[in-house]
Amino acid sequence: MRQRSLIAVTAALTAGALTLTACGSRDDSGKTAEGGGATVVIAVDAPLTGDLSALGLGIRNSAELAVKQANEKKYVKGITFKFEALDDQGQASSGQQNATKLVANKDVIGVVGPLNSSVSESMQKVFDDAKLVQISPANTSPSLTQGPKWATGQKTRTYKSYFRTATTDAIQGPFAAQYLFNKAGKKKVFIIDDKKTYGAGLAGTFKGEFTKLGGTVAGEGHIDAETKDFSAIVTQVKSSGADVVYYGGEYPAGGPLSKQIKAAGAKIPLVGGDGIKDKKYVELAGAGAAGDLCTSVGAPVETLPSAKEFVANYKKAGYKDDYSAYGGYSYDSAWAIIEAVKKVVEGNGGKLPTDARAKVIEAVQGVSFEGVTGKVSFDEFGDATNKQLTVYKVEGPDFKAVESGTLGS
């Protein structure tokens, strides 16, 4: 990665002449360098290695695809987009280090990611201080956009540089509760979370709606997602009489938890959020996972007319990793940045201004376009205006969509 003005200078003495080639530079007045336009970087931060890499690689590949297509189409006249991906391994400390690194590279105009809400918590201030836009395709913790007191009705947007294309757990948890109570006929739940920002928050919003509907909480507990031995809480689940387990967490622990619950003789489904929606969950949970459920943001990408081109182009690009649960949202996050850059450049006489980062944040707030996942736009908190969710059930080696909808009143 390079400094603010990307100037590629090739000096060669040929026939006594010095040849200079400029590719994508601008000076402090915002003018493009002689012979070329500006080059900017769209970056991704996601878990590219480790337990959550199945989701992270889909995020990376999909954002990269958007960047490639923007260049192929010459979508923003005079602008060449470059792509950079950093690995946070699902760890907040790594995410913060990556954020600092991206901020230092003045060519970075926007960041897609991360996957984990807890990682985002460590990155938001770094990006906001530098006026660098961040759009997550996967974060669902309401506090990231609406502040720590959102549940009490005191909604405050702390970071204006932060946006997301995924809907929040303020909707996802209650949506799952309504489905389980009203349609699946589950009245007695045991609630488990992994004590992380995402998992605990999701479990909390689920509990609030489930009890409001008249459901009973047979028991509650927490797990250490790193141990993979859940015998203590499995014993509690078995003796509780619960007819369903709701898990707030991700698939690396969710799969083994489901497997151990069934092995103990509690033949009840485990239900989770978008954090378990991956075929790796089914692999880890084993044959007993049949009938387990999850919710995830939006409608199934492969069923959307708006996504047909994305799915075809992703396959054509030859990525060996699946676009997974957040691929469409990652593409749309990257494209929102691209649309913002286009608006900023066109509003500045075809040149990238010296305060491009701040201008891009303003432009992202107003973007509105038909994306892979449907209409892409953001509300006053930076949250996605698309509130659709889908229930999935484990059938065979993967999750299959059951029904899509929005949260009932």
# chains A, B, ... in the order shown; residues from 1 in each chain; ligands from 1

$ closest_atom_pairs --of "stretch 137-179 of chain A" --to "stretch 38-56 of chain A" --cutoff "12 Å" --atoms "only C-alpha atoms" --output "JSON lines"
{"residue": "A:Pro137", "atom": "CA", "partner": "A:Ala46", "partner_atom": "CA", "distance": 10.3}
{"residue": "A:Ala138", "atom": "CA", "partner": "A:Leu55", "partner_atom": "CA", "distance": 9.5}
{"residue": "A:Asn139", "atom": "CA", "partner": "A:Ala46", "partner_atom": "CA", "distance": 11.2}

$ write_last_selection --atoms "all heavy atoms" --output "mmCIF file, in the first residue's frame"
data_model
loop_
_atom_site.group_PDB
_atom_site.id
_atom_site.type_symbol
_atom_site.label_atom_id
_atom_site.label_comp_id
_atom_site.auth_asym_id
_atom_site.auth_seq_id
_atom_site.Cartn_x
_atom_site.Cartn_y
_atom_site.Cartn_z
ATOM 1 N N PRO A 137 -20.858 -5.582 5.779
ATOM 2 C CA PRO A 137 -21.910 -6.392 5.176
ATOM 3 C C PRO A 137 -22.521 -7.383 6.169
ATOM 4 O O PRO A 137 -23.444 -8.110 5.818
ATOM 5 C CB PRO A 137 -21.152 -7.153 4.085
ATOM 6 C CG PRO A 137 -19.797 -7.364 4.686
ATOM 7 C CD PRO A 137 -19.514 -6.119 5.505
ATOM 8 N N ALA A 138 -22.007 -7.390 7.408
ATOM 9 C CA ALA A 138 -22.375 -8.477 8.309
ATOM 10 C C ALA A 138 -22.642 -8.080 9.755
ATOM 11 O O ALA A 138 -23.282 -8.841 10.486
ATOM 12 C CB ALA A 138 -21.257 -9.535 8.296
ATOM 13 N N ASN A 139 -22.158 -6.948 10.215
ATOM 14 C CA ASN A 139 -22.367 -6.555 11.620
ATOM 15 C C ASN A 139 -23.851 -6.383 11.912
ATOM 16 O O ASN A 139 -24.561 -5.714 11.163
ATOM 17 C CB ASN A 139 -21.680 -5.223 11.919
ATOM 18 C CG ASN A 139 -20.170 -5.287 11.859
ATOM 19 O OD1 ASN A 139 -19.524 -4.239 11.802
ATOM 20 N ND2 ASN A 139 -19.584 -6.471 11.859
#

$ residues_around --residues "A:Tyr251" --least-positions-apart "5" --cutoff "12 Å" --atoms "only C-alpha atoms" --output "ChimeraX atom specification"
/A:51-55,193-194,199,225-226,228,256-259,270-285,294

$ write_last_selection --atoms "N, CA, C and O atoms" --output "tab-separated table (two decimals), in the first residue's frame"
chain	number	residue	atom	x	y	z
A	51	ASP	N	-11.26	-20.05	12.14
A	51	ASP	CA	-12.55	-20.74	12.17
A	51	ASP	C	-13.63	-20.05	11.34
A	51	ASP	O	-14.53	-20.72	10.83
A	52	LEU	N	-13.57	-18.74	11.22
A	52	LEU	CA	-14.63	-18.00	10.53
A	52	LEU	C	-14.29	-17.65	9.09
A	52	LEU	O	-14.99	-16.85	8.46
A	53	SER	N	-13.25	-18.25	8.57
A	53	SER	CA	-12.78	-17.88	7.23
A	53	SER	C	-13.78	-18.23	6.13
A	53	SER	O	-13.78	-17.61	5.07
A	54	ALA	N	-14.66	-19.20	6.37
A	54	ALA	CA	-15.65	-19.55	5.35
A	54	ALA	C	-16.55	-18.36	5.03
A	54	ALA	O	-16.97	-18.17	3.89
A	55	LEU	N	-16.83	-17.55	6.04
A	55	LEU	CA	-17.62	-16.34	5.83
A	55	LEU	C	-16.74	-15.18	5.34
A	55	LEU	O	-17.12	-14.43	4.46
A	193	ASP	N	-25.62	-18.14	25.00
A	193	ASP	CA	-24.82	-17.25	24.17
A	193	ASP	C	-23.34	-17.43	24.47
A	193	ASP	O	-22.96	-18.06	25.47
A	194	ASP	N	-22.50	-16.87	23.59
A	194	ASP	CA	-21.05	-17.05	23.71
A	194	ASP	C	-20.36	-15.86	24.40
A	194	ASP	O	-19.14	-15.74	24.37
A	199	GLY	N	-23.25	-12.34	19.89
A	199	GLY	CA	-24.04	-13.43	20.45
A	199	GLY	C	-24.92	-13.01	21.61
A	199	GLY	O	-26.11	-13.34	21.67
A	225	ALA	N	-16.67	-20.19	23.76
A	225	ALA	CA	-16.66	-20.74	22.40
A	225	ALA	C	-15.35	-21.42	22.03
A	225	ALA	O	-15.29	-22.19	21.07
A	226	GLU	N	-14.30	-21.15	22.80
A	226	GLU	CA	-12.99	-21.72	22.47
A	226	GLU	C	-12.81	-23.14	22.98
A	226	GLU	O	-11.94	-23.87	22.51
A	228	LYS	N	-15.05	-25.88	23.17
A	228	LYS	CA	-15.72	-26.94	22.40
A	228	LYS	C	-16.20	-28.11	23.27
A	228	LYS	O	-16.67	-29.12	22.74
A	256	PRO	N	-20.76	-27.81	17.13
A	256	PRO	CA	-20.47	-28.78	18.19
A	256	PRO	C	-21.50	-28.75	19.33
A	256	PRO	O	-21.82	-29.79	19.91
A	257	LEU	N	-22.02	-27.57	19.65
A	257	LEU	CA	-23.03	-27.47	20.70
A	257	LEU	C	-24.28	-28.26	20.31
A	257	LEU	O	-24.82	-29.02	21.12
A	258	SER	N	-24.73	-28.08	19.09
A	258	SER	CA	-25.89	-28.83	18.61
A	258	SER	C	-25.63	-30.34	18.66
A	258	SER	O	-26.48	-31.12	19.10
A	259	LYS	N	-24.46	-30.73	18.22
A	259	LYS	CA	-24.12	-32.15	18.18
A	259	LYS	C	-24.12	-32.76	19.58
A	259	LYS	O	-24.65	-33.86	19.80
A	270	LEU	N	-31.70	-26.76	17.59
A	270	LEU	CA	-30.95	-25.56	17.96
A	270	LEU	C	-31.26	-24.50	16.91
A	270	LEU	O	-31.25	-24.78	15.71
A	271	VAL	N	-31.52	-23.30	17.36
A	271	VAL	CA	-31.84	-22.19	16.47
A	271	VAL	C	-30.86	-21.06	16.74
A	271	VAL	O	-30.55	-20.76	17.90
A	272	GLY	N	-30.36	-20.44	15.69
A	272	GLY	CA	-29.43	-19.33	15.86
A	272	GLY	C	-29.68	-18.24	14.85
A	272	GLY	O	-30.67	-18.27	14.10
A	273	GLY	N	-28.77	-17.28	14.80
A	273	GLY	CA	-28.87	-16.19	13.85
A	273	GLY	C	-27.97	-16.40	12.66
A	273	GLY	O	-27.52	-17.52	12.37
A	274	ASP	N	-27.67	-15.31	11.97
A	274	ASP	CA	-26.87	-15.39	10.75
A	274	ASP	C	-25.45	-15.88	11.00
A	274	ASP	O	-24.78	-16.33	10.08
A	275	GLY	N	-25.01	-15.83	12.26
A	275	GLY	CA	-23.66	-16.28	12.59
A	275	GLY	C	-23.45	-17.77	12.45
A	275	GLY	O	-22.31	-18.24	12.42
A	276	ILE	N	-24.54	-18.54	12.37
A	276	ILE	CA	-24.38	-19.99	12.18
A	276	ILE	C	-24.74	-20.42	10.76
A	276	ILE	O	-24.62	-21.60	10.42
A	277	LYS	N	-25.17	-19.47	9.94
A	277	LYS	CA	-25.63	-19.86	8.60
A	277	LYS	C	-24.46	-20.09	7.65
A	277	LYS	O	-24.06	-19.22	6.88
A	278	ASP	N	-23.96	-21.29	7.71
A	278	ASP	CA	-22.92	-21.72	6.80
A	278	ASP	C	-22.90	-23.25	6.80
A	278	ASP	O	-23.21	-23.87	7.83
A	279	LYS	N	-22.57	-23.84	5.69
A	279	LYS	CA	-22.56	-25.31	5.62
A	279	LYS	C	-21.54	-25.92	6.57
A	279	LYS	O	-21.65	-27.09	6.94
A	280	LYS	N	-20.56	-25.11	7.02
A	280	LYS	CA	-19.62	-25.60	8.01
A	280	LYS	C	-20.33	-25.94	9.31
A	280	LYS	O	-19.92	-26.86	10.03
A	281	TYR	N	-21.40	-25.21	9.63
A	281	TYR	CA	-22.20	-25.53	10.81
A	281	TYR	C	-22.73	-26.95	10.72
A	281	TYR	O	-22.66	-27.73	11.68
A	282	VAL	N	-23.27	-27.29	9.55
A	282	VAL	CA	-23.86	-28.61	9.36
A	282	VAL	C	-22.79	-29.69	9.46
A	282	VAL	O	-23.02	-30.76	10.04
A	283	GLU	N	-21.62	-29.42	8.92
A	283	GLU	CA	-20.52	-30.38	9.02
A	283	GLU	C	-20.15	-30.63	10.47
A	283	GLU	O	-19.94	-31.77	10.89
A	284	LEU	N	-20.07	-29.55	11.24
A	284	LEU	CA	-19.68	-29.66	12.65
A	284	LEU	C	-20.76	-30.29	13.51
A	284	LEU	O	-20.48	-30.99	14.48
A	285	ALA	N	-22.02	-30.03	13.15
A	285	ALA	CA	-23.14	-30.54	13.95
A	285	ALA	C	-23.45	-32.00	13.64
A	285	ALA	O	-24.02	-32.71	14.49
A	294	CYS	N	-32.03	-21.35	11.51
A	294	CYS	CA	-31.35	-20.08	11.73
A	294	CYS	C	-32.09	-18.99	10.98
A	294	CYS	O	-32.90	-19.27	10.08

$ residues_around --residues "A:Ala63" --least-positions-apart "4" --cutoff "9 Å" --atoms "only C-alpha atoms" --output "list in words"
Ile42, Ala43, Val44, Gly58, Ile59, Val67, Lys68, Phe83, Val112, Gly327, Gly328, Tyr329, Ser330, Tyr331, Asp332, Ser333, Ala334 and Trp335 of chain A

$ write_last_selection --atoms "all heavy atoms" --output "tab-separated table (two decimals), in the first residue's frame"
chain	number	residue	atom	x	y	z
A	42	ILE	N	-10.04	0.45	-2.36
A	42	ILE	CA	-11.15	-0.05	-1.53
A	42	ILE	C	-10.62	-1.29	-0.83
A	42	ILE	O	-10.14	-2.23	-1.47
A	42	ILE	CB	-12.39	-0.37	-2.37
A	42	ILE	CG1	-12.99	0.93	-2.93
A	42	ILE	CG2	-13.44	-1.11	-1.52
A	42	ILE	CD1	-14.21	0.73	-3.81
A	43	ALA	N	-10.68	-1.27	0.49
A	43	ALA	CA	-10.10	-2.35	1.29
A	43	ALA	C	-11.18	-3.19	1.95
A	43	ALA	O	-12.33	-2.76	2.13
A	43	ALA	CB	-9.17	-1.77	2.36
A	44	VAL	N	-10.79	-4.39	2.32
A	44	VAL	CA	-11.65	-5.30	3.09
A	44	VAL	C	-10.92	-5.73	4.34
A	44	VAL	O	-9.72	-6.01	4.32
A	44	VAL	CB	-12.03	-6.55	2.26
A	44	VAL	CG1	-12.46	-7.70	3.15
A	44	VAL	CG2	-13.16	-6.24	1.29
A	58	GLY	N	-15.76	-15.21	1.59
A	58	GLY	CA	-16.87	-14.79	0.74
A	58	GLY	C	-17.01	-13.28	0.72
A	58	GLY	O	-17.32	-12.68	-0.33
A	59	ILE	N	-16.78	-12.65	1.86
A	59	ILE	CA	-16.81	-11.19	1.95
A	59	ILE	C	-15.71	-10.59	1.08
A	59	ILE	O	-15.93	-9.68	0.29
A	59	ILE	CB	-16.67	-10.74	3.41
A	59	ILE	CG1	-17.95	-11.08	4.21
A	59	ILE	CG2	-16.37	-9.24	3.50
A	59	ILE	CD1	-17.84	-10.84	5.69
A	67	VAL	N	-15.01	-4.31	-7.23
A	67	VAL	CA	-13.92	-3.44	-7.65
A	67	VAL	C	-13.49	-3.75	-9.08
A	67	VAL	O	-13.30	-2.85	-9.91
A	67	VAL	CB	-12.73	-3.57	-6.68
A	67	VAL	CG1	-11.49	-2.85	-7.23
A	67	VAL	CG2	-13.10	-3.01	-5.31
A	68	LYS	N	-13.36	-5.03	-9.38
A	68	LYS	CA	-12.96	-5.43	-10.73
A	68	LYS	C	-13.97	-4.97	-11.76
A	68	LYS	O	-13.61	-4.47	-12.84
A	68	LYS	CB	-12.82	-6.97	-10.80
A	68	LYS	CG	-11.59	-7.53	-10.11
A	68	LYS	CD	-11.56	-9.04	-10.25
A	68	LYS	CE	-10.29	-9.63	-9.64
A	68	LYS	NZ	-10.27	-11.12	-9.74
A	83	PHE	N	-7.65	-2.86	-4.97
A	83	PHE	CA	-8.26	-3.65	-3.90
A	83	PHE	C	-7.20	-4.16	-2.94
A	83	PHE	O	-6.12	-4.57	-3.35
A	83	PHE	CB	-9.01	-4.84	-4.51
A	83	PHE	CG	-9.68	-5.73	-3.50
A	83	PHE	CD1	-10.86	-5.34	-2.88
A	83	PHE	CD2	-9.12	-6.95	-3.15
A	83	PHE	CE1	-11.47	-6.15	-1.94
A	83	PHE	CE2	-9.73	-7.78	-2.22
A	83	PHE	CZ	-10.90	-7.37	-1.61
A	112	VAL	N	-14.63	-2.12	3.47
A	112	VAL	CA	-15.74	-3.06	3.60
A	112	VAL	C	-15.40	-4.03	4.72
A	112	VAL	O	-14.31	-4.61	4.73
A	112	VAL	CB	-15.98	-3.83	2.29
A	112	VAL	CG1	-17.06	-4.88	2.48
A	112	VAL	CG2	-16.37	-2.87	1.17
A	327	GLY	N	-21.93	-12.56	0.90
A	327	GLY	CA	-21.33	-12.17	-0.36
A	327	GLY	C	-22.06	-11.04	-1.06
A	327	GLY	O	-21.47	-10.06	-1.49
A	328	GLY	N	-23.38	-11.19	-1.18
A	328	GLY	CA	-24.16	-10.16	-1.84
A	328	GLY	C	-24.09	-8.83	-1.10
A	328	GLY	O	-24.02	-7.76	-1.72
A	329	TYR	N	-24.07	-8.89	0.22
A	329	TYR	CA	-24.01	-7.67	1.04
A	329	TYR	C	-22.63	-7.03	0.96
A	329	TYR	O	-22.50	-5.81	1.06
A	329	TYR	CB	-24.39	-8.00	2.49
A	329	TYR	CG	-25.81	-8.48	2.57
A	329	TYR	CD1	-26.12	-9.84	2.46
A	329	TYR	CD2	-26.86	-7.58	2.69
A	329	TYR	CE1	-27.43	-10.28	2.47
A	329	TYR	CE2	-28.18	-8.01	2.71
A	329	TYR	CZ	-28.46	-9.36	2.60
A	329	TYR	OH	-29.76	-9.80	2.59
A	330	SER	N	-21.61	-7.85	0.77
A	330	SER	CA	-20.26	-7.33	0.62
A	330	SER	C	-20.11	-6.63	-0.73
A	330	SER	O	-19.52	-5.54	-0.81
A	330	SER	CB	-19.25	-8.47	0.73
A	330	SER	OG	-17.93	-8.01	0.63
A	331	TYR	N	-20.65	-7.24	-1.76
A	331	TYR	CA	-20.62	-6.60	-3.09
A	331	TYR	C	-21.34	-5.25	-3.02
A	331	TYR	O	-20.83	-4.23	-3.52
A	331	TYR	CB	-21.29	-7.51	-4.11
A	331	TYR	CG	-21.21	-7.02	-5.54
A	331	TYR	CD1	-20.26	-7.55	-6.41
A	331	TYR	CD2	-22.08	-6.05	-6.02
A	331	TYR	CE1	-20.17	-7.10	-7.74
A	331	TYR	CE2	-22.00	-5.59	-7.33
A	331	TYR	CZ	-21.05	-6.13	-8.18
A	331	TYR	OH	-20.97	-5.67	-9.47
A	332	ASP	N	-22.50	-5.24	-2.39
A	332	ASP	CA	-23.28	-4.00	-2.29
A	332	ASP	C	-22.58	-2.95	-1.43
A	332	ASP	O	-22.68	-1.75	-1.69
A	332	ASP	CB	-24.67	-4.29	-1.72
A	332	ASP	CG	-25.59	-4.93	-2.74
A	332	ASP	OD1	-25.26	-4.93	-3.94
A	332	ASP	OD2	-26.65	-5.45	-2.34
A	333	SER	N	-21.85	-3.39	-0.40
A	333	SER	CA	-21.09	-2.45	0.43
A	333	SER	C	-20.00	-1.79	-0.39
A	333	SER	O	-19.81	-0.56	-0.32
A	333	SER	CB	-20.47	-3.18	1.63
A	333	SER	OG	-21.45	-3.70	2.50
A	334	ALA	N	-19.27	-2.60	-1.16
A	334	ALA	CA	-18.21	-2.04	-2.01
A	334	ALA	C	-18.81	-1.12	-3.07
A	334	ALA	O	-18.26	-0.05	-3.36
A	334	ALA	CB	-17.42	-3.16	-2.67
A	335	TRP	N	-19.95	-1.52	-3.62
A	335	TRP	CA	-20.55	-0.71	-4.68
A	335	TRP	C	-21.09	0.60	-4.13
A	335	TRP	O	-21.09	1.62	-4.83
A	335	TRP	CB	-21.65	-1.48	-5.41
A	335	TRP	CG	-21.85	-0.90	-6.79
A	335	TRP	CD1	-22.81	-0.01	-7.17
A	335	TRP	CD2	-21.03	-1.13	-7.94
A	335	TRP	NE1	-22.64	0.33	-8.50
A	335	TRP	CE2	-21.57	-0.35	-8.99
A	335	TRP	CE3	-19.91	-1.92	-8.18
A	335	TRP	CZ2	-21.01	-0.34	-10.26
A	335	TRP	CZ3	-19.36	-1.91	-9.45
A	335	TRP	CH2	-19.90	-1.13	-10.48

$ select_by_dssp --residues "stretch 71-110 of chain A" --states "helix (DSSP H, G or I)" --output "list in words"
Asn71, Glu72, Ala92, Ser93, Ser94, Gly95, Gln96, Gln97, Asn98, Ala99, Thr100, Lys101, Leu102, Val103 and Ala104 of chain A

$ write_last_selection --atoms "C-alpha atoms" --output "PDB file, in the first residue's frame"
ATOM      1  CA  ASN A  71     -12.780  -0.899 -13.422  1.00  0.00           C
ATOM      2  CA  GLU A  72     -13.946  -3.027 -16.348  1.00  0.00           C
ATOM      3  CA  ALA A  92     -10.741  -7.293  17.888  1.00  0.00           C
ATOM      4  CA  SER A  93      -7.054  -6.549  18.468  1.00  0.00           C
ATOM      5  CA  SER A  94      -6.168  -7.536  14.909  1.00  0.00           C
ATOM      6  CA  GLY A  95      -9.046  -5.483  13.569  1.00  0.00           C
ATOM      7  CA  GLN A  96      -7.826  -2.381  15.364  1.00  0.00           C
ATOM      8  CA  GLN A  97      -4.307  -2.862  14.027  1.00  0.00           C
ATOM      9  CA  ASN A  98      -5.695  -3.290  10.520  1.00  0.00           C
ATOM     10  CA  ALA A  99      -7.806  -0.148  10.884  1.00  0.00           C
ATOM     11  CA  THR A 100      -4.729   1.841  11.880  1.00  0.00           C
ATOM     12  CA  LYS A 101      -2.822   0.457   8.907  1.00  0.00           C
ATOM     13  CA  LEU A 102      -5.609   1.303   6.463  1.00  0.00           C
ATOM     14  CA  VAL A 103      -5.994   4.830   7.811  1.00  0.00           C
ATOM     15  CA  ALA A 104      -2.253   5.433   7.338  1.00  0.00           C
TER      16      ALA A 104
END

$ residues_around --residues "stretch 357-370 of chain A" --least-positions-apart "5" --cutoff "9 Å" --atoms "only C-alpha atoms" --output "NGL selection string"
:A and (108-110 or 130-134 or 160-163 or 306 or 336-337 or 339-341 or 343-344 or 375-380 or 382)

$ residues_around --residues "stretch 170-172 of chain A" --least-positions-apart "5" --cutoff "7 Å" --atoms "only C-alpha atoms" --output "list in words"
Pro142, Thr205 and Leu407 of chain A

$ write_last_selection --atoms "N, CA, C and O atoms" --output "PDB file, in the first residue's frame"
ATOM      1  N   PRO A 142     -26.955  -3.720  17.327  1.00  0.00           N
ATOM      2  CA  PRO A 142     -27.581  -2.398  17.200  1.00  0.00           C
ATOM      3  C   PRO A 142     -26.732  -1.258  17.765  1.00  0.00           C
ATOM      4  O   PRO A 142     -26.792  -0.134  17.275  1.00  0.00           O
ATOM      5  N   THR A 205     -32.153  -9.791  22.478  1.00  0.00           N
ATOM      6  CA  THR A 205     -33.316  -9.311  21.729  1.00  0.00           C
ATOM      7  C   THR A 205     -34.306 -10.441  21.460  1.00  0.00           C
ATOM      8  O   THR A 205     -35.517 -10.218  21.440  1.00  0.00           O
ATOM      9  N   LEU A 407     -40.216  -8.177  10.283  1.00  0.00           N
ATOM     10  CA  LEU A 407     -40.682  -8.290  11.670  1.00  0.00           C
ATOM     11  C   LEU A 407     -42.110  -7.779  11.795  1.00  0.00           C
ATOM     12  O   LEU A 407     -42.434  -6.690  11.326  1.00  0.00           O
TER      13      LEU A 407
END

$ residues_around --residues "A:Ala266" --least-positions-apart "2" --cutoff "12 Å" --atoms "only C-alpha atoms" --output "list in words"
Phe190, Val234, Thr235, Gln236, Val237, Lys238, Ser239, Ser240, Gly241, Ala242, Asp243, Val244, Val245, Leu257, Ser258, Lys259, Gln260, Ile261, Lys262, Ala263, Ala264, Ile268, Pro269, Leu270 and Gly288 of chain A

$ select_by_dssp --residues "stretch 87-190 of chain A" --states "strand (DSSP E)" --output "ChimeraX atom specification"
/A:87,108-112,133-136,162-164,188-190

$ atom_distance --atom1 "atom CA of A:Ala307" --atom2 "atom CA of A:Thr168"
21.6 Å

$ closest_residue --among "A:Ala289, A:Val311, A:Val391, A:Ala401" --to "A:Lys183" --atoms "only C-alpha atoms"
A:Val391

$ closest_residue --among "A:Lys400, A:Asp292, A:Tyr319, A:Ala232" --to "A:Gly254" --atoms "only C-alpha atoms"
A:Asp292

$ residues_around --residues "A:Gly405" --least-positions-apart "2" --cutoff "7 Å" --atoms "only C-alpha atoms" --output "MDAnalysis selection string"
chainID A and resid 388:390 403 407

$ write_last_selection --atoms "N, CA and C atoms" --output "PDB file, in the first residue's frame"
ATOM      1  N   GLN A 388     -35.544  -6.942   5.490  1.00  0.00           N
ATOM      2  CA  GLN A 388     -36.016  -8.292   5.258  1.00  0.00           C
ATOM      3  C   GLN A 388     -35.087  -9.328   5.887  1.00  0.00           C
ATOM      4  N   LEU A 389     -35.706 -10.422   6.353  1.00  0.00           N
ATOM      5  CA  LEU A 389     -34.965 -11.536   6.956  1.00  0.00           C
ATOM      6  C   LEU A 389     -35.527 -12.857   6.434  1.00  0.00           C
ATOM      7  N   THR A 390     -34.758 -13.918   6.595  1.00  0.00           N
ATOM      8  CA  THR A 390     -35.183 -15.238   6.130  1.00  0.00           C
ATOM      9  C   THR A 390     -34.900 -16.295   7.188  1.00  0.00           C
ATOM     10  N   GLU A 403     -38.791 -19.480   4.785  1.00  0.00           N
ATOM     11  CA  GLU A 403     -39.630 -18.341   4.402  1.00  0.00           C
ATOM     12  C   GLU A 403     -38.916 -17.034   4.706  1.00  0.00           C
ATOM     13  N   LEU A 407     -40.216  -8.177  10.283  1.00  0.00           N
ATOM     14  CA  LEU A 407     -40.682  -8.290  11.670  1.00  0.00           C
ATOM     15  C   LEU A 407     -42.110  -7.779  11.795  1.00  0.00           C
TER      16      LEU A 407
END

$ closest_residue --among "A:Ser120, A:Asn313, A:Thr385, A:Asn105" --to "A:Gln69" --atoms "only C-alpha atoms"
A:Asn313

$ atom_distance --atom1 "atom CA of A:Asp229" --atom2 "atom CA of A:Pro252"
12.1 Å

$ atom_distance --atom1 "atom CA of A:Val372" --atom2 "atom CA of A:Ala325"
12.8 Å

$ closest_residue --among "A:Gly219, A:Gly208, A:Gly249, A:Pro148" --to "A:Lys196" --atoms "only C-alpha atoms"
A:Gly249

$ closest_residue --among "A:Gly153, A:Pro300, A:Gly201, A:Gly215" --to "A:Gln178" --atoms "only C-alpha atoms"
A:Gly215

$ decode --residues "stretch 368-382 of chain A" --atoms "N, CA and C atoms" --output "PDB file, in the first residue's frame"
ATOM      1  N   SER A 368     -28.389   5.557  -3.104  1.00  0.00           N
ATOM      2  CA  SER A 368     -29.617   4.775  -3.260  1.00  0.00           C
ATOM      3  C   SER A 368     -29.543   4.096  -4.618  1.00  0.00           C
ATOM      4  N   PHE A 369     -29.474   2.786  -4.620  1.00  0.00           N
ATOM      5  CA  PHE A 369     -29.377   2.055  -5.878  1.00  0.00           C
ATOM      6  C   PHE A 369     -29.913   0.642  -5.710  1.00  0.00           C
ATOM      7  N   GLU A 370     -30.221   0.016  -6.812  1.00  0.00           N
ATOM      8  CA  GLU A 370     -30.663  -1.381  -6.799  1.00  0.00           C
ATOM      9  C   GLU A 370     -29.433  -2.268  -6.822  1.00  0.00           C
ATOM     10  N   GLY A 371     -29.191  -2.954  -5.732  1.00  0.00           N
ATOM     11  CA  GLY A 371     -28.001  -3.779  -5.610  1.00  0.00           C
ATOM     12  C   GLY A 371     -28.293  -5.251  -5.746  1.00  0.00           C
ATOM     13  N   VAL A 372     -27.314  -6.049  -5.431  1.00  0.00           N
ATOM     14  CA  VAL A 372     -27.464  -7.504  -5.463  1.00  0.00           C
ATOM     15  C   VAL A 372     -28.570  -7.944  -4.508  1.00  0.00           C
ATOM     16  N   THR A 373     -28.619  -7.328  -3.348  1.00  0.00           N
ATOM     17  CA  THR A 373     -29.553  -7.748  -2.298  1.00  0.00           C
ATOM     18  C   THR A 373     -30.861  -6.969  -2.309  1.00  0.00           C
ATOM     19  N   GLY A 374     -31.068  -6.152  -3.331  1.00  0.00           N
ATOM     20  CA  GLY A 374     -32.261  -5.318  -3.403  1.00  0.00           C
ATOM     21  C   GLY A 374     -31.888  -3.852  -3.281  1.00  0.00           C
ATOM     22  N   LYS A 375     -32.827  -3.050  -2.799  1.00  0.00           N
ATOM     23  CA  LYS A 375     -32.585  -1.613  -2.664  1.00  0.00           C
ATOM     24  C   LYS A 375     -31.524  -1.373  -1.586  1.00  0.00           C
ATOM     25  N   VAL A 376     -30.497  -0.616  -1.941  1.00  0.00           N
ATOM     26  CA  VAL A 376     -29.428  -0.282  -1.003  1.00  0.00           C
ATOM     27  C   VAL A 376     -29.488   1.213  -0.683  1.00  0.00           C
ATOM     28  N   SER A 377     -29.734   1.509   0.566  1.00  0.00           N
ATOM     29  CA  SER A 377     -29.713   2.888   1.064  1.00  0.00           C
ATOM     30  C   SER A 377     -29.591   2.819   2.577  1.00  0.00           C
ATOM     31  N   PHE A 378     -29.350   3.954   3.209  1.00  0.00           N
ATOM     32  CA  PHE A 378     -29.083   3.982   4.643  1.00  0.00           C
ATOM     33  C   PHE A 378     -29.964   5.018   5.342  1.00  0.00           C
ATOM     34  N   ASP A 379     -30.369   4.696   6.568  1.00  0.00           N
ATOM     35  CA  ASP A 379     -31.178   5.625   7.333  1.00  0.00           C
ATOM     36  C   ASP A 379     -30.292   6.602   8.101  1.00  0.00           C
ATOM     37  N   GLU A 380     -30.899   7.372   8.997  1.00  0.00           N
ATOM     38  CA  GLU A 380     -30.148   8.426   9.691  1.00  0.00           C
ATOM     39  C   GLU A 380     -29.082   7.884  10.638  1.00  0.00           C
ATOM     40  N   PHE A 381     -29.143   6.591  10.952  1.00  0.00           N
ATOM     41  CA  PHE A 381     -28.137   5.982  11.827  1.00  0.00           C
ATOM     42  C   PHE A 381     -27.038   5.259  11.048  1.00  0.00           C
ATOM     43  N   GLY A 382     -27.210   5.179   9.742  1.00  0.00           N
ATOM     44  CA  GLY A 382     -26.266   4.419   8.927  1.00  0.00           C
ATOM     45  C   GLY A 382     -26.677   2.975   8.762  1.00  0.00           C
TER      46      GLY A 382
END
